[in-house]
Amino acid sequence: MNTLNVLDNAIERQVAQAEAYNLPDARGHFGPYGGSFVSETLTHALDELKEAYARYNQDPEFLAEFRDDLTHFVGRPSPVYHAKRWSEKMGGAQIYFKREDLNHTGAHKINNVIGQALLAKRMGKPRVIAETGAGQHGVATATICARFGLECVVYMGSEDIKRQAQNVYRMKLLGATVVPVESGSKTLKDALNEAMRDWVTNIENTFYIIGTVAGPHPYPMMVRDFQSVIGEECLQQMPVMTGRQPDYVVACVGGGSNAMGIFYPYIDYPDVQLIGVEAAGEGMNSGKHSASLQLGTPGVLHGNRTYLLQDDNGQIAETHSVSAGLDYPGVGPEHAWLKDIGRAQYVGVTDDEALQAFHDCCLIEGIIPALESAHALAYAAKLAATLPKDKIILANLSGRGDKDMHTVAERMGMNFYCRESCAVGAAAVAAAAGATQVVTLHK
Ligand SMILES: *Cc1c(COP(=O)(O)O)cnc(C)c1O
């Protein structure tokens, strides 16, 4: 196995480039990561899925239908936007956003869900199941099931159901059945186990839509492929906007699907540095974070081998992030490999830094980003300040922040932040958001 250390000089980078990137292998391995660690019953279902994907991934009719839905239902291509004022303020490199927040349903997740739902239809499976944590993947799945006339069952921890009442209501409006999961910590990983159990029992008529680049083979590859429309568009858009490809591509990493989506088409461009941003939560030394790649160790979770936050006995650790979408103890196996060979670097951004970037993005650019995306923006802004003005950073703005209003108001000590000029109307808005105090910013 050719595991290179961090490629910090040009010669090593050329070596990596010479070996064309063509992963995973037939068994779903990215180096020592990935694979398929599941029970025998699921092996059959996964083989069926692998065959179907191999076939339809080459099928012009399938690809045309996927493309058509991305265009007319999602609204693609999503624009690339020059964050001019923020770039000026940081005084260094130029920051660009890939605007996945402008997609129908407000984030990148819909891209993958359309691909998998189209496969479900082709495979003759009228029933779709999914697991969801904060509810974003559940809403995307419910949306596409309504669009395609598929039955939709979403497993969700009962703790998450309490915390995410609005997304639960959205799923119900869209016709999905939301099943509360009462086992374990009553959160995402328990919902995942329950969804797996459902799949084993109902394999004949059921398709399991996984929401990120994790799970057993072929999911990490398949989700990456469906999401890589993000990076492929950037490859076209960046030269039109700036005359060339960016120097850095920055994306937040929860399970890793928006990052793989924008990284993947750039892997063969060795001059483009890929940077994944994990949630450092209350700090890398606090024990309250979700930085699986930087602080985890290899192990097996949810059907694949990857970096995990676990103790010496392999017990999965409690994780934390202000953004629910990054709060996961594992990470997609391809990121584990990209980290080991040094093709991508992974850094951490704390809750506080992400919240600062969230407010900066609102006030300076007029865009309310998802808290997940705010992690990528925080690092992009920090990095920009250290670079000359002619460098280009492309940050993936993975989703919009409407879903995070309540969290932000609560986390900021129930304060509602606004500009001086809006202070008069702010009290009512603050009350509606559940905040108790209005804080005026003088910018
Ligand atoms: C779910 C979510 C994420 C994290 O998931 P990835 O698979 O790591 O992309 C990031 N941003 C937004 C807006 C999300 O909804």
# chains A, B, ... in the order shown; residues from 1 in each chain; ligands from 1
$ residues_near_ligand --ligand "ligand 1" --cutoff "8 Å" --atoms "only C-alpha atoms and all ligand atoms" --output "VMD selection string"
chain A and resid 101 106 to 109 136 to 137 211 to 213 252 to 260 324 to 326 331 370 to 373 397 to 401
$ residues_around --residues "His302 (chain A)" --least-positions-apart "6" --cutoff "12 Å" --atoms "only C-alpha atoms" --output "PyMOL selection string"
chain A and resi 34-39+188-196+210+212-217+219-220+255+308+316+328-333
$ write_last_selection --atoms "N, CA and C atoms" --output "short mmCIF file (atom, residue, chain, number, x, y, z; two decimals), in the first residue's frame"
data_model
loop_
_atom_site.label_atom_id
_atom_site.label_comp_id
_atom_site.auth_asym_id
_atom_site.auth_seq_id
_atom_site.Cartn_x
_atom_site.Cartn_y
_atom_site.Cartn_z
N GLY A 34 -12.99 2.23 4.00
CA GLY A 34 -14.18 1.90 3.22
C GLY A 34 -14.56 0.43 3.41
N GLY A 35 -14.89 -0.24 2.30
CA GLY A 35 -15.28 -1.64 2.36
C GLY A 35 -16.75 -1.80 2.73
N SER A 36 -17.07 -3.01 3.17
CA SER A 36 -18.47 -3.32 3.42
C SER A 36 -18.56 -4.29 4.60
N PHE A 37 -18.83 -3.77 5.77
CA PHE A 37 -18.89 -4.59 6.98
C PHE A 37 -20.35 -4.71 7.41
N VAL A 38 -21.05 -5.68 6.81
CA VAL A 38 -22.48 -5.82 7.10
C VAL A 38 -22.86 -7.29 7.23
N SER A 39 -24.08 -7.54 7.72
CA SER A 39 -24.58 -8.90 7.86
C SER A 39 -24.85 -9.51 6.48
N LEU A 188 -29.04 10.44 16.09
CA LEU A 188 -28.75 9.98 14.73
C LEU A 188 -28.26 8.54 14.63
N LYS A 189 -27.27 8.16 15.46
CA LYS A 189 -26.70 6.82 15.29
C LYS A 189 -27.72 5.72 15.61
N ASP A 190 -28.66 6.01 16.51
CA ASP A 190 -29.72 5.05 16.81
C ASP A 190 -30.72 4.97 15.66
N ALA A 191 -30.99 6.13 15.05
CA ALA A 191 -31.88 6.17 13.89
C ALA A 191 -31.28 5.35 12.75
N LEU A 192 -29.95 5.46 12.59
CA LEU A 192 -29.24 4.71 11.56
C LEU A 192 -29.40 3.20 11.77
N ASN A 193 -29.20 2.76 13.01
CA ASN A 193 -29.35 1.33 13.33
C ASN A 193 -30.77 0.86 13.01
N GLU A 194 -31.74 1.67 13.34
CA GLU A 194 -33.13 1.30 13.13
C GLU A 194 -33.45 1.22 11.64
N ALA A 195 -32.91 2.15 10.86
CA ALA A 195 -33.11 2.14 9.41
C ALA A 195 -32.51 0.87 8.81
N MET A 196 -31.32 0.48 9.28
CA MET A 196 -30.67 -0.76 8.81
C MET A 196 -31.55 -1.96 9.09
N ILE A 210 -29.02 6.77 1.83
CA ILE A 210 -28.07 7.31 2.82
C ILE A 210 -27.69 8.73 2.41
N THR A 212 -24.99 10.77 3.25
CA THR A 212 -23.63 11.29 3.12
C THR A 212 -22.71 10.21 2.58
N VAL A 213 -21.42 10.55 2.40
CA VAL A 213 -20.48 9.61 1.76
C VAL A 213 -19.97 8.56 2.74
N ALA A 214 -20.86 8.02 3.57
CA ALA A 214 -20.50 6.98 4.53
C ALA A 214 -21.34 5.74 4.25
N GLY A 215 -21.30 4.77 5.18
CA GLY A 215 -22.03 3.52 4.99
C GLY A 215 -21.19 2.53 4.19
N PRO A 216 -21.74 1.32 3.95
CA PRO A 216 -21.01 0.29 3.21
C PRO A 216 -20.93 0.62 1.72
N HIS A 217 -19.92 0.06 1.03
CA HIS A 217 -19.83 0.14 -0.43
C HIS A 217 -21.14 -0.37 -1.04
N TYR A 219 -22.20 2.92 -1.24
CA TYR A 219 -22.72 4.25 -0.89
C TYR A 219 -21.68 5.39 -0.95
N PRO A 220 -20.48 5.23 -0.33
CA PRO A 220 -19.55 6.37 -0.36
C PRO A 220 -19.21 6.82 -1.78
N GLY A 255 -20.27 14.20 7.52
CA GLY A 255 -19.98 12.89 6.93
C GLY A 255 -19.04 13.07 5.75
N LEU A 308 -12.58 7.33 13.40
CA LEU A 308 -13.70 7.45 14.34
C LEU A 308 -13.24 8.09 15.63
N ILE A 316 -17.87 4.25 20.85
CA ILE A 316 -17.98 5.52 20.14
C ILE A 316 -18.15 6.67 21.13
N TYR A 328 -21.08 14.27 14.10
CA TYR A 328 -21.09 12.84 13.76
C TYR A 328 -19.72 12.27 14.13
N PRO A 329 -19.67 11.10 14.80
CA PRO A 329 -18.39 10.57 15.30
C PRO A 329 -17.51 9.93 14.24
N GLY A 330 -18.03 9.76 13.01
CA GLY A 330 -17.23 9.17 11.94
C GLY A 330 -17.05 10.17 10.81
N VAL A 331 -16.60 9.67 9.66
CA VAL A 331 -16.42 10.50 8.47
C VAL A 331 -16.31 9.56 7.28
N GLY A 332 -16.69 10.04 6.10
CA GLY A 332 -16.62 9.19 4.91
C GLY A 332 -15.20 8.64 4.70
N PRO A 333 -15.08 7.36 4.27
CA PRO A 333 -13.78 6.71 4.16
C PRO A 333 -12.84 7.35 3.13
#
$ residues_around --residues "region 341-354 of chain A" --least-positions-apart "6" --cutoff "8 Å" --atoms "only C-alpha atoms" --output "short mmCIF file (atom, residue, chain, number, x, y, z; two decimals) with C-alpha atoms, in the first residue's frame"
data_model
loop_
_atom_site.label_atom_id
_atom_site.label_comp_id
_atom_site.auth_asym_id
_atom_site.auth_seq_id
_atom_site.Cartn_x
_atom_site.Cartn_y
_atom_site.Cartn_z
CA THR A 3 0.67 5.57 1.86
CA LEU A 4 2.40 8.90 1.42
CA ASN A 5 2.80 11.37 4.20
CA VAL A 6 1.63 14.93 3.82
CA LEU A 7 2.78 16.10 0.42
CA ILE A 267 -8.32 15.83 -7.24
CA GLN A 273 -5.25 22.68 -2.44
CA LEU A 274 -8.21 20.91 -0.87
CA ILE A 275 -9.08 21.82 2.72
CA GLY A 276 -11.78 20.11 4.77
CA VAL A 277 -13.05 21.89 7.89
CA GLU A 278 -14.19 19.80 10.83
CA ALA A 279 -16.15 21.03 13.83
CA ALA A 280 -13.72 21.80 16.65
CA GLY A 281 -16.74 22.50 18.89
CA GLU A 282 -15.61 24.00 22.18
CA GLY A 283 -11.96 23.44 21.23
CA MET A 284 -9.71 20.62 20.03
CA ALA A 291 -13.00 16.27 14.58
CA LEU A 293 -10.11 12.98 10.99
CA GLN A 294 -7.80 15.06 13.16
CA SER A 321 -20.87 20.83 17.45
CA VAL A 322 -23.09 23.90 17.37
CA HIS A 335 -11.64 11.58 3.31
CA LEU A 371 -24.00 26.86 10.62
CA ALA A 374 -20.17 28.86 8.39
CA HIS A 375 -17.32 26.55 9.46
CA LEU A 377 -16.47 30.33 5.61
CA ALA A 378 -14.65 30.95 8.92
CA TYR A 379 -11.60 29.07 7.68
#
$ select_by_dssp --residues "region 27-149 of chain A" --states "strand (DSSP E or B)" --output "ChimeraX atom specification"
/A:29-30,33-34,80-82,94-99,107,127-132
$ residues_around --residues "Leu309 (chain A)" --least-positions-apart "5" --cutoff "12 Å" --atoms "only C-alpha atoms" --output "count of residues only"
27
$ closest_residue --among "A:Asp404, A:Asp47, A:Glu88, A:Asp247" --to "Asn167 (chain A)" --atoms "only C-alpha atoms"
A:Asp404
$ closest_residue --among "A:Pro79, A:Gly115, A:Gly157, A:Pro369" --to "Asn57 (chain A)" --atoms "only C-alpha atoms"
A:Gly115
$ atom_distance --atom1 "CA of Val249 (chain A)" --atom2 "CA of Pro218 (chain A)"
25.5 Å
$ closest_residue --among "A:Phe226, A:Phe73, A:Trp337, A:Thr43" --to "Arg305 (chain A)" --atoms "only C-alpha atoms"
A:Trp337
$ residues_around --residues "Ser87 (chain A)" --least-positions-apart "5" --cutoff "8 Å" --atoms "only C-alpha atoms" --output "list in words"
Gly92, Ala93, Gln94, Ile95, Ala381 and Ala384 of chain A
$ closest_residue --among "A:Asn111, A:Ser323, A:Val168, A:Gly303" --to "Arg224 (chain A)" --atoms "only C-alpha atoms"
A:Asn111
